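Asker: Please find run-v5.txt (compact mmCIF, C-alpha atoms) on the next line:
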```txt
# COMPACT_ATOMS: atom_id res chain seq x y z
CA MET A 1176 156.15 14.73 106.13
CA ASN A 1177 158.78 14.49 103.41
CA LEU A 1178 156.41 16.16 100.90
CA GLN A 1179 155.81 19.04 103.36
CA LEU A 1180 159.56 19.60 103.77
CA THR A 1181 160.08 19.58 100.00
CA ARG A 1182 157.32 22.20 99.51
CA THR A 1183 158.81 24.41 102.23
CA ARG A 1184 162.26 24.22 100.65
CA ALA A 1185 160.82 24.99 97.20
CA ALA A 1186 158.99 28.02 98.58
CA LEU A 1187 162.16 29.31 100.28
CA VAL A 1188 164.25 28.81 97.13
CA THR A 1189 161.61 30.62 95.04
CA ALA A 1190 161.53 33.53 97.52
CA GLY A 1191 165.34 33.70 97.47
CA VAL A 1192 165.44 33.80 93.67
CA LEU A 1193 162.82 36.57 93.61
CA VAL A 1194 164.78 38.66 96.11
CA ALA A 1195 168.03 38.11 94.19
CA VAL A 1196 166.43 39.18 90.91
CA ALA A 1197 164.52 42.17 92.31
CA ALA A 1198 167.26 43.57 94.57
CA PRO A 1199 169.55 44.88 91.80
CA THR A 1200 166.59 46.60 90.12
CA ALA A 1201 165.56 48.26 93.39
CA ALA A 1202 169.12 49.33 94.10
CA TYR A 1203 169.44 50.77 90.59
CA ALA A 1204 166.25 52.76 91.03
CA THR A 1205 167.54 54.44 94.17
CA LEU A 1206 171.08 54.98 92.86
CA ASP A 1207 170.02 56.86 89.74
CA GLY A 1208 167.64 59.12 91.68
CA SER A 1209 164.48 57.95 89.97
CA ASP A 1210 161.47 56.46 91.62
CA ASN A 1211 160.22 53.79 89.24
CA THR A 1212 157.27 53.02 91.51
CA ALA A 1213 155.91 56.57 91.28
CA ALA A 1214 156.62 56.75 87.54
CA THR A 1215 154.55 53.66 86.84
CA SER A 1216 151.71 54.47 89.23
CA ALA A 1217 151.14 58.18 88.51
CA PRO A 1218 150.62 59.76 85.10
CA VAL A 1219 153.14 62.35 83.95
CA ARG A 1220 151.44 65.72 83.66
CA GLY A 1221 152.42 68.97 82.03
CA ASP A 1222 155.10 70.10 79.66
CA GLN A 1223 158.82 70.73 80.12
CA PHE A 1224 159.40 74.27 81.36
CA MET A 1225 162.25 76.28 82.79
CA GLU A 1226 161.73 77.85 86.19
CA THR A 1227 163.90 80.84 87.00
CA ARG A 1228 163.86 82.49 90.40
CA LEU A 1229 165.42 85.91 90.77
CA PHE A 1230 166.25 87.38 94.18
CA PHE A 1231 166.18 91.17 94.44
CA GLY A 1232 167.52 93.02 97.46
CA THR A 1233 166.17 96.43 98.38
CA ALA A 1234 168.95 97.95 100.52
CA ARG A 1235 171.31 100.21 98.62
CA PRO A 1236 175.03 99.65 99.21
CA ASP A 1237 175.66 103.41 99.11
CA GLY A 1238 173.32 103.90 102.09
CA GLY A 1239 170.57 105.51 100.01
CA PRO A 1240 166.88 104.86 100.61
CA ALA A 1241 165.69 101.27 100.18
CA VAL A 1242 163.77 100.30 97.05
CA THR A 1243 160.05 100.74 97.80
CA ASP A 1244 157.20 98.42 96.81
CA LYS A 1245 156.00 101.05 94.35
CA GLN A 1246 159.45 101.32 92.74
CA PHE A 1247 159.85 97.57 92.53
CA MET A 1248 156.42 96.99 90.97
CA ALA A 1249 157.07 99.81 88.48
CA PHE A 1250 160.31 97.99 87.56
CA ILE A 1251 158.36 94.73 87.08
CA ASP A 1252 155.78 96.48 84.89
CA LYS A 1253 158.38 98.22 82.73
CA GLU A 1254 161.26 95.72 82.55
CA VAL A 1255 159.86 92.23 83.21
CA THR A 1256 156.24 92.05 82.01
CA PRO A 1257 157.06 92.99 78.37
CA SER A 1258 159.56 90.09 78.20
CA PHE A 1259 157.36 87.58 80.07
CA PRO A 1260 153.75 88.62 79.35
CA ASP A 1261 152.29 85.13 79.97
CA GLY A 1262 152.65 85.52 83.73
CA LEU A 1263 154.97 85.72 86.70
CA THR A 1264 154.90 85.61 90.48
CA VAL A 1265 156.40 88.10 92.91
CA GLN A 1266 156.83 87.23 96.57
CA SER A 1267 158.02 89.53 99.35
CA GLY A 1268 160.52 88.25 101.84
CA ARG A 1269 163.42 88.91 104.15
CA GLY A 1270 166.87 87.91 102.98
CA GLN A 1271 170.51 88.15 103.79
CA TRP A 1272 173.75 87.80 101.91
CA ARG A 1273 177.43 88.64 102.25
CA ASP A 1274 178.35 91.73 100.23
CA ALA A 1275 181.62 92.48 98.46
CA THR A 1276 183.14 93.92 101.65
CA GLY A 1277 182.30 90.77 103.65
CA THR A 1278 179.45 92.35 105.59
CA ILE A 1279 176.30 90.28 106.05
CA GLU A 1280 173.43 92.42 104.84
CA LYS A 1281 169.90 91.71 106.07
CA GLU A 1282 167.19 93.32 104.02
CA ARG A 1283 163.66 93.25 102.70
CA SER A 1284 163.69 91.39 99.39
CA TYR A 1285 161.62 90.12 96.50
CA GLU A 1286 161.57 86.76 94.77
CA LEU A 1287 160.45 86.75 91.14
CA ILE A 1288 159.40 83.40 89.69
CA LEU A 1289 159.30 82.99 85.92
CA LEU A 1290 158.07 79.90 84.07
CA TYR A 1291 158.73 79.55 80.35
CA PRO A 1292 158.87 76.65 77.86
CA VAL A 1293 162.19 74.83 77.52
CA ALA A 1294 162.09 75.72 73.82
CA ASP A 1295 162.38 79.39 74.88
CA ALA A 1296 165.35 78.82 77.21
CA ARG A 1297 167.95 80.61 75.06
CA PRO A 1298 165.95 83.82 74.43
CA GLY A 1299 164.62 83.62 78.00
CA ASP A 1300 168.16 83.52 79.37
CA ARG A 1301 169.10 86.63 77.42
CA LYS A 1302 166.02 88.51 78.68
CA ILE A 1303 166.64 87.44 82.28
CA GLU A 1304 170.26 88.58 82.21
CA GLU A 1305 169.08 91.94 80.88
CA ILE A 1306 166.55 92.21 83.73
CA ARG A 1307 169.29 91.50 86.28
CA ARG A 1308 171.63 94.13 84.80
CA ASP A 1309 168.82 96.70 84.60
CA TYR A 1310 167.89 96.23 88.27
CA GLU A 1311 171.51 96.41 89.43
CA LYS A 1312 171.99 99.64 87.47
CA ALA A 1313 168.65 101.25 88.39
CA PHE A 1314 168.95 100.60 92.13
CA GLY A 1315 172.72 100.47 92.70
CA GLN A 1316 172.78 96.76 93.56
CA GLU A 1317 175.89 94.54 93.57
CA SER A 1318 173.93 91.61 92.14
CA VAL A 1319 170.59 89.91 91.63
CA GLY A 1320 170.56 86.23 92.63
CA ARG A 1321 169.39 83.63 90.11
CA ALA A 1322 168.36 79.97 90.38
CA ASP A 1323 167.21 77.84 87.42
CA ASP A 1324 165.54 74.47 87.27
CA ARG A 1325 163.86 72.31 84.62
CA ILE A 1326 160.38 71.25 85.71
CA ARG A 1327 157.03 69.97 84.42
CA VAL A 1328 154.19 72.48 84.34
CA ASP A 1329 150.50 71.99 83.69
CA PHE A 1330 148.04 74.89 83.50
```
Turn the structure described in the file into structure tokens.

Answerer:
Amino acid sequence: MNLQLTRTRAALVTAGVLVAVAAPTAAYATLDGSDNTAATSAPVRGDQFMETRLFFGTARPDGGPAVTDKQFMAFIDKEVTPSFPDGLTVQSGRGQWRDATGTIEKERSYELILLYPVADARPGDRKIEEIRRDYEKAFGQESVGRADDRIRVDF
């Protein structure tokens, strides 16, 4: 009976030591935002790319006619495709935003998604800012929304 009690205590002490050693590592993994379990169990695929999403409204602040699909796609063909010939995605949507006067505008919109290598981030940024300015000028828009993220891409 004494041997059984000693084995039980040894097992409990061993389990306690394992928990004490593993707990800080698990806490660290969740605090820094990484998931070490996924990183060690799944291969990393793709290359580092930038993803830029641009949000184009179609209503004109001056009350003029909304930008049509044909006009928008002509803009893409002329102003975007030459700068990003490797590919892009355009999605139609409905959006809203608060304009300079404080009015909430609800309108048909487009989302343009561009993927480009991180190495091209500086020239890509310059081209994207030019696209935004060109759209604002061509269609009388107050702004074109932009969101950037660094991601992994595999084709």

Asker: Could you tell me how far CA of Gly1221 in chain A sits from CA of Val1319 in chain A, in Å to one decimal place?

Answerer: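 Spanning CA of Val1319 in chain A to CA of Gly1221 in chain A is a straight-line distance of 29.3 Å.
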
Asker: For CA of Leu1263 in chain A and CA of Leu1287 in chain A, quote the distance in Å rounded to one decimal.

Answerer: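 Value for the CA of Leu1263 in chain A-CA of Leu1287 in chain A distance: 7.1 Å.
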
Asker: Using all atoms listed in the file, which residues sit within 9 Å of Val1242 in chain A once same-chain residues fewer than 3 positions away are excluded, as a ChimeraX atom specification?

Answerer: /A:1232-1235,1245-1247,1314

Asker: Excluding same-chain residues fewer than 6 positions from range 1299-1310 of chain A, what lies within 7 Å of it counting all atoms listed in the file, as a ChimeraX atom specification?

Answerer: /A:1254-1255,1258,1319

Asker: For Gly1262 in chain A, which residue among A:Glu1311, A:Tyr1291, A:Gln1316, A:Phe1230 is the nearest when counting all atoms listed in the file?

Answerer: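 Using all atoms listed in the file, Gly1262 in chain A sits closest to A:Tyr1291.
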
Asker: Just the number, please: distance in Å from CA of Gln1223 in chain A to CA of Ala1294 in chain A, one decimal.

Answerer: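 Separating CA of Gln1223 in chain A from CA of Ala1294 in chain A is a distance of 8.7 Å.
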
Asker: I need every residue sitting at most 12 Å from the point (171.9, 83.4, 93.1) (coordinates as in the file, all atoms listed in the file considered), written as a PyMOL selection string.

Answerer: chain A and resi 1227-1232+1270-1273+1286+1307+1317-1323

Asker: With distances taken over all atoms listed in the file, which residue among A:Val1293, A:Tyr1285, A:Lys1312, A:Val1265 lies nearest Thr1243 in chain A?

Answerer: A:Tyr1285

Asker: So, counting only C-alpha atoms, which residue among A:Arg1220, A:Gly1315, A:Phe1259, A:Asp1274 is closest to Pro1240 in chain A?

Answerer: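 Looking at the shortest contact to Pro1240 in chain A, the residue is A:Gly1315.
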
Asker: Nearest residue to Glu1282 in chain A out of A:Ala1296, A:Ala1241, A:Ile1251, A:Val1219, using only C-alpha atoms?

Answerer: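 Smallest separation from Glu1282 in chain A among the options: A:Ala1241.
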
Asker: Between A:Lys1253, A:Glu1226, A:Gly1268, A:Thr1276, which is the closest to Pro1292 in chain A once you count all atoms listed in the file?

Answerer: A:Glu1226
